[in-house]
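Structure file upload-v5.txt (compact mmCIF, C-alpha atoms) is printed below.
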# COMPACT_ATOMS: atom_id res chain seq x y z
CA MET X 1 -13.82 -12.16 -33.11
CA VAL X 2 -10.73 -11.28 -31.06
CA ASN X 3 -10.55 -7.78 -29.66
CA THR X 4 -7.26 -6.32 -30.91
CA THR X 5 -7.59 -2.98 -29.19
CA THR X 6 -5.28 -2.08 -26.34
CA CYS X 7 -6.76 -2.91 -22.91
CA HIS X 8 -6.97 -0.14 -20.33
CA HIS X 9 -7.16 0.15 -16.55
CA THR X 10 -10.69 -0.43 -15.32
CA TRP X 11 -10.84 1.96 -12.40
CA GLN X 12 -12.73 5.01 -11.33
CA PHE X 13 -12.54 7.48 -8.44
CA ILE X 14 -15.07 7.00 -5.66
CA CYS X 15 -14.90 9.22 -2.55
CA GLY X 16 -11.43 10.34 -3.63
CA ARG X 17 -9.97 6.86 -4.04
CA GLU X 18 -9.26 4.54 -6.96
CA GLN X 19 -11.86 1.77 -7.21
CA HIS X 20 -10.47 -1.37 -8.86
CA ARG X 21 -11.83 -4.84 -9.48
CA LYS X 22 -12.08 -6.68 -6.17
CA GLY X 23 -9.36 -9.19 -5.47
CA VAL X 24 -6.83 -7.43 -7.69
CA ILE X 25 -3.96 -5.12 -6.69
CA HIS X 26 -3.18 -2.60 -9.43
CA ILE X 27 -0.15 -0.97 -7.87
CA THR X 28 3.40 -2.10 -7.16
CA GLY X 29 5.16 -1.58 -3.84
CA LYS X 30 7.36 1.10 -5.40
CA GLU X 31 4.34 2.96 -6.76
CA PHE X 32 2.67 2.82 -3.35
CA VAL X 33 5.78 4.33 -1.75
CA GLU X 34 5.79 7.16 -4.30
CA LYS X 35 2.13 7.94 -3.52
CA CYS X 36 2.97 8.21 0.19
CA LYS X 37 6.09 10.31 -0.44
CA ALA X 38 4.10 12.77 -2.55
CA ASP X 39 1.74 13.45 0.38
CA VAL X 40 3.98 15.96 2.14
CA CYS X 41 1.71 18.03 4.36
CA LEU X 42 1.05 19.26 7.89
CA THR X 43 -2.14 18.08 9.61
CA GLN X 44 -3.69 17.76 13.06
CA SER X 45 -2.29 14.58 14.60
CA ARG X 46 -4.28 14.28 17.85
CA SER X 47 -7.01 15.87 19.99
CA ARG X 48 -5.87 19.27 21.29
CA ASN X 49 -7.34 22.26 23.11
CA GLY X 50 -10.78 20.68 23.34
CA LYS X 51 -10.83 19.78 19.63
CA LYS X 52 -11.35 16.17 18.63
CA TYR X 53 -8.96 14.51 16.21
CA HIS X 54 -9.83 15.53 12.65
CA ASN X 55 -7.93 16.02 9.40
CA LYS X 56 -8.04 15.13 5.68
CA TYR X 57 -7.26 11.49 6.46
CA THR X 58 -10.17 11.04 8.87
CA GLU X 59 -12.52 12.87 6.47
CA LEU X 60 -12.09 10.11 3.88
CA LEU X 61 -12.49 7.38 6.50
CA GLY X 62 -15.65 9.03 7.82
CA LYS X 63 -17.23 9.27 4.35
CA LEU X 64 -16.57 5.57 3.82
CA GLY X 65 -18.17 4.55 7.12
CA TYR X 66 -15.17 3.38 9.14
CA SER X 67 -15.86 2.75 12.83
CA GLY X 68 -15.31 5.42 15.47
CA ILE X 69 -15.45 8.32 12.99
CA ASN X 70 -18.54 10.34 12.04
CA LYS X 71 -19.47 11.40 8.49
CA ASN X 72 -17.64 14.70 8.96
CA GLY X 73 -14.40 12.88 9.65
CA VAL X 74 -14.27 13.60 13.38
CA PHE X 75 -13.49 10.89 15.93
CA THR X 76 -16.55 10.45 18.15
CA LYS X 77 -14.42 10.45 21.29
CA ARG X 78 -11.68 12.83 22.32
CA TYR X 79 -8.49 10.85 22.02
CA SER X 80 -5.08 12.00 23.18
CA TYR X 81 -1.73 11.18 21.67
CA GLY X 82 -1.06 7.46 21.46
CA VAL X 83 -4.65 6.22 21.47
CA VAL X 84 -5.32 7.29 17.91
CA GLY X 85 -2.29 6.31 15.87
CA HIS X 86 -1.99 9.07 13.27
CA CYS X 87 1.02 7.29 11.79
CA CYS X 88 -1.17 4.23 11.31
CA ILE X 89 -4.08 6.22 9.85
CA GLY X 90 -1.81 7.90 7.30
CA VAL X 91 -0.70 4.51 5.96
CA GLN X 92 -4.27 3.17 5.98
CA TYR X 93 -5.49 6.27 4.15
CA TRP X 94 -3.14 5.57 1.26
CA LEU X 95 -4.00 1.89 1.15
CA ILE X 96 -7.65 2.92 0.72
CA LYS X 97 -6.81 5.66 -1.81
CA CYS X 98 -4.96 3.09 -3.91
CA GLY X 99 -7.90 0.68 -3.99
CA LEU X 100 -6.59 -1.60 -1.21
CA GLU X 101 -9.39 -1.03 1.31
CA ALA X 102 -9.55 -4.79 1.94
CA PHE X 103 -6.40 -4.31 4.02
CA VAL X 104 -8.14 -1.81 6.33
CA PRO X 105 -11.09 -3.41 8.20
CA LYS X 106 -14.14 -1.19 8.70
CA LYS X 107 -15.17 -2.64 12.05
CA GLY X 108 -13.25 -2.63 15.31
CA TYR X 109 -10.74 -0.16 16.72
CA ILE X 110 -7.97 -0.57 14.17
CA TRP X 111 -6.45 2.92 14.34
CA ASN X 112 -3.82 1.95 16.88
CA THR X 113 -0.46 0.60 15.69
CA ASN X 114 -0.55 -2.54 17.86
CA ASN X 115 -4.14 -3.38 16.93
CA TYR X 116 -3.40 -2.99 13.25
CA ALA X 117 -0.22 -5.07 13.48
CA LYS X 118 -2.14 -7.87 15.22
CA TRP X 119 -4.89 -7.75 12.61
CA LEU X 120 -2.50 -7.99 9.65
CA LYS X 121 -0.52 -10.74 11.36
CA SER X 122 -3.67 -12.79 11.95
CA LYS X 123 -5.03 -12.34 8.39
CA PRO X 124 -2.54 -14.10 6.09
CA LEU X 125 -5.15 -14.28 3.32
CA ILE X 126 -7.31 -11.22 2.74
CA GLY X 127 -10.08 -11.82 0.24
CA GLY X 128 -8.66 -12.88 -3.09
CA TYR X 129 -5.74 -10.46 -3.00
CA GLY X 130 -3.15 -12.98 -1.87
CA LYS X 131 -1.20 -13.80 1.26
CA VAL X 132 0.11 -11.23 3.71
CA GLY X 133 3.35 -12.60 5.10
CA TRP X 134 4.75 -11.67 8.51
CA SER X 135 8.36 -11.37 9.59
CA THR X 136 10.41 -9.78 12.34
CA ASP X 137 13.52 -9.56 10.15
CA ILE X 138 13.63 -6.06 8.65
CA ARG X 139 16.22 -7.21 6.12
CA LYS X 140 13.53 -9.32 4.43
CA ALA X 141 11.20 -6.37 3.90
CA LYS X 142 10.41 -5.25 0.36
CA THR X 143 9.54 -1.84 -0.98
CA GLY X 144 5.96 -0.96 -0.05
CA ASP X 145 5.65 -3.37 2.88
CA ILE X 146 3.90 -2.06 6.00
CA ILE X 147 6.31 -2.11 8.92
CA PHE X 148 5.90 -1.64 12.65
CA LYS X 149 8.61 -0.21 14.90
CA GLY X 150 9.00 -0.56 18.65
CA SER X 151 11.47 -0.35 21.49
CA LYS X 152 13.73 -3.38 21.93
CA LYS X 153 12.78 -3.41 25.64
CA GLU X 154 9.03 -3.74 24.96
CA LYS X 155 6.86 -6.34 23.24
CA SER X 156 4.48 -3.81 21.70
CA TYR X 157 4.92 -1.55 18.67
CA SER X 158 4.72 2.23 18.78
CA HIS X 159 4.88 3.31 15.13
CA THR X 160 3.57 2.33 11.68
CA CYS X 161 5.34 3.30 8.45
CA VAL X 162 6.03 2.20 4.88
CA PHE X 163 9.28 0.45 3.98
CA ILE X 164 11.50 1.86 1.23
CA LYS X 165 14.79 0.02 1.59
CA TYR X 166 17.40 -1.50 3.92
CA GLU X 167 20.92 -0.28 3.26
CA LYS X 168 24.15 -0.63 5.23
CA GLY X 169 22.38 -1.30 8.51
CA TYR X 170 19.82 1.48 8.13
CA VAL X 171 16.10 1.34 7.43
CA TYR X 172 14.52 3.95 5.14
CA THR X 173 10.78 4.55 5.48
CA VAL X 174 7.96 6.93 4.56
CA ASP X 175 6.38 8.23 7.77
CA PHE X 176 3.24 9.98 8.95
CA ASN X 177 3.02 11.85 12.26
CA VAL X 178 6.78 12.33 12.46
CA THR X 179 7.79 15.98 12.28
CA GLY X 180 10.55 17.03 9.94
CA LYS X 181 11.48 19.61 7.36
CA LYS X 182 11.51 19.65 3.59
CA ASN X 183 12.75 22.65 1.63
CA GLY X 184 12.92 24.56 4.90
CA LYS X 185 9.26 24.02 5.80
CA LYS X 186 7.87 21.96 8.68
CA TYR X 187 5.69 18.92 7.89
CA ASN X 188 4.51 15.80 9.68
CA ASN X 189 3.38 13.56 6.81
CA GLY X 190 4.93 11.97 3.73
CA LEU X 191 8.52 12.42 4.88
CA VAL X 192 11.38 9.96 4.41
CA PHE X 193 13.30 8.91 7.53
CA LYS X 194 16.45 6.87 8.14
CA ARG X 195 16.85 4.76 11.28
CA LYS X 196 19.51 2.38 12.52
CA ALA X 197 18.03 -1.10 12.20
CA THR X 198 19.56 -2.52 15.38
CA SER X 199 18.09 0.26 17.55
CA TYR X 200 14.53 -1.10 17.28
CA ARG X 201 12.45 -4.25 17.09
CA TRP X 202 10.50 -4.65 13.86
CA GLY X 203 7.38 -6.29 12.51
CA VAL X 204 6.98 -6.59 8.75
CA ALA X 205 3.70 -7.19 6.94
CA HIS X 206 4.72 -8.40 3.49
CA MET X 207 2.10 -7.02 1.08
CA PRO X 208 1.17 -9.08 -2.01
CA TYR X 209 1.99 -6.42 -4.59
CA PRO X 210 2.24 -7.42 -8.25
CA VAL X 211 5.33 -6.73 -10.36
CA LYS X 212 5.19 -4.26 -13.24
CA TYR X 213 6.22 -5.45 -16.70
CA THR X 214 5.96 -4.13 -20.25
CA VAL X 215 4.99 -5.99 -23.41
CA ASN X 216 8.17 -6.81 -25.33
CA THR X 217 7.00 -8.40 -28.60
CA LYS X 218 8.86 -7.74 -31.86
CA SER X 219 5.97 -6.44 -33.93
CA SER X 220 2.73 -8.32 -33.39
CA PRO X 221 0.60 -7.62 -30.28
CA LEU X 222 0.65 -9.89 -27.24
CA ASN X 223 -2.26 -12.27 -26.63
CA ILE X 224 -3.87 -12.19 -23.20
CA ARG X 225 -5.58 -15.54 -22.62
CA LYS X 226 -8.25 -16.81 -20.25
CA SER X 227 -6.10 -19.79 -19.21
CA PRO X 228 -2.30 -20.49 -19.21
CA SER X 229 -2.26 -22.39 -22.48
CA THR X 230 -1.77 -21.69 -26.17
CA THR X 231 -5.30 -23.03 -26.65
CA GLY X 232 -6.77 -20.68 -24.03
CA GLU X 233 -9.37 -18.19 -25.19
CA ILE X 234 -7.84 -14.86 -26.24
CA LEU X 235 -9.40 -12.07 -24.19
CA CYS X 236 -7.61 -9.20 -25.92
CA THR X 237 -4.24 -8.19 -27.30
CA LEU X 238 -1.75 -5.63 -26.04
CA LYS X 239 0.61 -3.51 -28.09
CA LYS X 240 4.37 -3.46 -27.55
CA GLY X 241 5.34 -1.18 -24.65
CA THR X 242 2.03 -1.56 -22.81
CA ALA X 243 2.44 -1.74 -19.01
CA ILE X 244 1.01 -4.84 -17.30
CA TYR X 245 0.96 -6.06 -13.69
CA VAL X 246 1.91 -9.67 -12.93
CA THR X 247 1.43 -11.59 -9.69
CA SER X 248 3.35 -14.75 -10.63
CA ILE X 249 5.02 -16.65 -13.44
CA VAL X 250 4.51 -20.44 -13.54
CA ASN X 251 5.70 -22.71 -16.36
CA ASN X 252 6.55 -19.64 -18.43
CA TRP X 253 2.99 -18.27 -18.15
CA ALA X 254 2.48 -14.90 -16.44
CA ASN X 255 -0.63 -14.29 -14.35
CA VAL X 256 -1.72 -10.79 -15.41
CA VAL X 257 -4.01 -8.73 -13.13
CA SER X 258 -3.98 -5.41 -14.96
CA PRO X 259 -5.05 -3.93 -17.34
CA VAL X 260 -7.03 -7.16 -17.77
CA THR X 261 -7.11 -10.38 -15.76
CA GLY X 262 -5.63 -13.29 -17.69
CA PHE X 263 -2.43 -15.03 -18.75
CA CYS X 264 0.31 -14.36 -21.28
CA SER X 265 3.55 -15.95 -22.35
CA ALA X 266 6.41 -14.74 -20.15
CA LYS X 267 8.70 -14.84 -23.20
CA TYR X 268 7.22 -11.63 -24.48
CA ILE X 269 7.34 -9.39 -21.40
CA LYS X 270 10.14 -7.68 -19.50
CA LYS X 271 10.37 -6.08 -16.09
CA PHE X 272 9.64 -2.39 -16.04
CA SER X 273 12.66 -0.25 -15.19

Can you present the structure in this file as structure tokens?
Amino acid sequence: MVNTTTCHHTWQFICGREQHRKGVIHITGKEFVEKCKADVCLTQSRSRNGKKYHNKYTELLGKLGYSGINKNGVFTKRYSYGVVGHCCIGVQYWLIKCGLEAFVPKKGYIWNTNNYAKWLKSKPLIGGYGKVGWSTDIRKAKTGDIIFKGSKKEKSYSHTCVFIKYEKGYVYTVDFNVTGKKNGKKYNNGLVFKRKATSYRWGVAHMPYPVKYTVNTKSSPLNIRKSPSTTGEILCTLKKGTAIYVTSIVNNWANVVSPVTGFCSAKYIKKFS
């Protein structure tokens, strides 16, 4: 018998993060940006006055067993500015919170911008999530991509942030460890910054985010099938207006990754706006 009930997200919160099915991204690039933008706060960004680097970001990493951080979220060595990349850790924190921990390796010193850029560049295929592309053309970046900024005179990168958009020669990003003000208050996380594109050299890690659609049938529910064929087994049905996440559309069949993994006819879905 076919299950005609609406499918739901299959996630839970573990250690303060969303835990999804492995190999599946359940968030679009735009949604990831909004998560980062909502995290406007002021935290310790480096070791100071004899205190080792520690804040809410490192606390999560410590609980999950990431290298170089104890269970209390304190770096085991006293690092000064530049060695621990707080900008990098802020981005990695939100990747983990959104169920994308596969993009943040647990072993090795990956908290530095250059190390992380090299790791992403050398790992075009991470698990079953899809390919991570790499580009040095900031104009090709898409919302939610992880980008690396550096001086045009140097080969290394000095900053990690999340791409929002490129507009009229300027790059808009969500940044961590960059001090600014919002509503008259001083913060150093979750702020939006605008930079002239030609003033820096860029590295872009193109993240394999899915695209959000909604079911757009006339009256009957939409069949989600096990294979891209009208004879494929029906896994469940979705009511009109239900949000779904699609990684690709081939031969008019959409590869759905949420709220259930399967395929549906692309004729009966429309891009979410």

So what do you get for atom CA of Thr160 of chain X versus atom CA of Cys41 of chain X, distance-wise? 17.4 Å

Within 10 Å of Glu154 of chain X, counting all atoms listed in the file, which residues show up once you throw out same-chain ones fewer than 3 positions away? Write them as a PyMOL selection string, please. chain X and resi 150-151+157-158+200-201

Hey, can you spit out that residue selection with C-alpha atoms as a short mmCIF file (atom, residue, chain, number, x, y, z; two decimals), in the coordinates of the input?
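So the final result, stored in part-v2.cif, reads:
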data_model
loop_
_atom_site.label_atom_id
_atom_site.label_comp_id
_atom_site.auth_asym_id
_atom_site.auth_seq_id
_atom_site.Cartn_x
_atom_site.Cartn_y
_atom_site.Cartn_z
CA GLY X 150 9.00 -0.56 18.65
CA SER X 151 11.47 -0.35 21.49
CA TYR X 157 4.92 -1.55 18.67
CA SER X 158 4.72 2.23 18.78
CA TYR X 200 14.53 -1.10 17.28
CA ARG X 201 12.45 -4.25 17.09
#

Would you mind reading off the distance between atom CA of Lys185 of chain X and atom CA of Ala197 of chain X, one decimal, in Å? 27.4 Å

Looking at X:Trp134, X:Phe176, X:Trp94, X:Tyr53, which one is nearest to His206 of chain X, with distances taken over all atoms listed in the file?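 Nearest candidate to His206 of chain X out of X:Trp134, X:Phe176, X:Trp94, X:Tyr53: X:Trp134.
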
In Å to one decimal, how far is atom CA of Asp175 of chain X from atom CA of Gly190 of chain X?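 Those two atoms sit 5.7 Å apart.
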
Counting all atoms listed in the file, the option among X:Ser156, X:Arg48, X:Leu100, X:Asp137 closest to Asn115 of chain X: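 Of all the options, X:Ser156 lies closest to Asn115 of chain X.
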
Contacts of Phe148 of chain X within 8 Å, all atoms listed in the file, excl. fewer than 5 positions in-chain, as an mmCIF file with C-alpha atoms, keeping the file's coordinate frame:
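File produced: out_30.cif:
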data_model
loop_
_atom_site.group_PDB
_atom_site.id
_atom_site.type_symbol
_atom_site.label_atom_id
_atom_site.label_comp_id
_atom_site.auth_asym_id
_atom_site.auth_seq_id
_atom_site.Cartn_x
_atom_site.Cartn_y
_atom_site.Cartn_z
ATOM 1 C CA THR X 113 -0.460 0.600 15.690
ATOM 2 C CA ALA X 117 -0.220 -5.070 13.480
ATOM 3 C CA TYR X 157 4.920 -1.550 18.670
ATOM 4 C CA SER X 158 4.720 2.230 18.780
ATOM 5 C CA HIS X 159 4.880 3.310 15.130
ATOM 6 C CA THR X 160 3.570 2.330 11.680
ATOM 7 C CA CYS X 161 5.340 3.300 8.450
ATOM 8 C CA TRP X 202 10.500 -4.650 13.860
ATOM 9 C CA GLY X 203 7.380 -6.290 12.510
ATOM 10 C CA VAL X 204 6.980 -6.590 8.750
#

Non-local contacts of Gly68 of chain X (8 Å; all atoms listed in the file; under 3 positions in same chain excluded) as a ChimeraX atom specification: /X:75-77,109

Find, counting all atoms listed in the file, the residue in X:Lys165, X:Lys52, X:Lys35, X:Lys140 that gets nearest to Phe193 of chain X. X:Lys165

Would you mind listing what lies within 10 Å of Ser273 of chain X as a PyMOL selection string, with all atoms listed in the file counted and same-chain residues fewer than 5 positions away left out? chain X and resi 212-214

Lys196 of chain X surroundings by only C-alpha atoms, 7 Å radius, close-in-sequence under 2 positions cut, as a PyMOL selection string: chain X and resi 169-171+194+198-199

Please determine the residues with any atom at most 12 Å from (-2.0, -8.8, -28.5) (coordinates as given in the file, with only C-alpha atoms counting) and report them as a PyMOL selection string. chain X and resi 2-7+215-225+234-242+260+263-265+268-269

Please, could you write that set of residues out with C-alpha atoms as a PDB file, in the frame of the given file?
ATOM      1  CA  VAL X   2     -10.730 -11.280 -31.060  1.00  0.00           C
ATOM      2  CA  ASN X   3     -10.550  -7.780 -29.660  1.00  0.00           C
ATOM      3  CA  THR X   4      -7.260  -6.320 -30.910  1.00  0.00           C
ATOM      4  CA  THR X   5      -7.590  -2.980 -29.190  1.00  0.00           C
ATOM      5  CA  THR X   6      -5.280  -2.080 -26.340  1.00  0.00           C
ATOM      6  CA  CYS X   7      -6.760  -2.910 -22.910  1.00  0.00           C
ATOM      7  CA  VAL X 215       4.990  -5.990 -23.410  1.00  0.00           C
ATOM      8  CA  ASN X 216       8.170  -6.810 -25.330  1.00  0.00           C
ATOM      9  CA  THR X 217       7.000  -8.400 -28.600  1.00  0.00           C
ATOM     10  CA  LYS X 218       8.860  -7.740 -31.860  1.00  0.00           C
ATOM     11  CA  SER X 219       5.970  -6.440 -33.930  1.00  0.00           C
ATOM     12  CA  SER X 220       2.730  -8.320 -33.390  1.00  0.00           C
ATOM     13  CA  PRO X 221       0.600  -7.620 -30.280  1.00  0.00           C
ATOM     14  CA  LEU X 222       0.650  -9.890 -27.240  1.00  0.00           C
ATOM     15  CA  ASN X 223      -2.260 -12.270 -26.630  1.00  0.00           C
ATOM     16  CA  ILE X 224      -3.870 -12.190 -23.200  1.00  0.00           C
ATOM     17  CA  ARG X 225      -5.580 -15.540 -22.620  1.00  0.00           C
ATOM     18  CA  ILE X 234      -7.840 -14.860 -26.240  1.00  0.00           C
ATOM     19  CA  LEU X 235      -9.400 -12.070 -24.190  1.00  0.00           C
ATOM     20  CA  CYS X 236      -7.610  -9.200 -25.920  1.00  0.00           C
ATOM     21  CA  THR X 237      -4.240  -8.190 -27.300  1.00  0.00           C
ATOM     22  CA  LEU X 238      -1.750  -5.630 -26.040  1.00  0.00           C
ATOM     23  CA  LYS X 239       0.610  -3.510 -28.090  1.00  0.00           C
ATOM     24  CA  LYS X 240       4.370  -3.460 -27.550  1.00  0.00           C
ATOM     25  CA  GLY X 241       5.340  -1.180 -24.650  1.00  0.00           C
ATOM     26  CA  THR X 242       2.030  -1.560 -22.810  1.00  0.00           C
ATOM     27  CA  VAL X 260      -7.030  -7.160 -17.770  1.00  0.00           C
ATOM     28  CA  PHE X 263      -2.430 -15.030 -18.750  1.00  0.00           C
ATOM     29  CA  CYS X 264       0.310 -14.360 -21.280  1.00  0.00           C
ATOM     30  CA  SER X 265       3.550 -15.950 -22.350  1.00  0.00           C
ATOM     31  CA  TYR X 268       7.220 -11.630 -24.480  1.00  0.00           C
ATOM     32  CA  ILE X 269       7.340  -9.390 -21.400  1.00  0.00           C
TER      33      ILE X 269
END

Box time for segment 183-199 of chain X: axis-aligned, enclosing all its listed atoms, 3 Å extra on each side; report centre and edge lengths in Å to one decimal, as JSON.
{"center_x": 11.5, "center_y": 11.0, "center_z": 9.6, "size_x": 22.2, "size_y": 33.1, "size_z": 21.9}
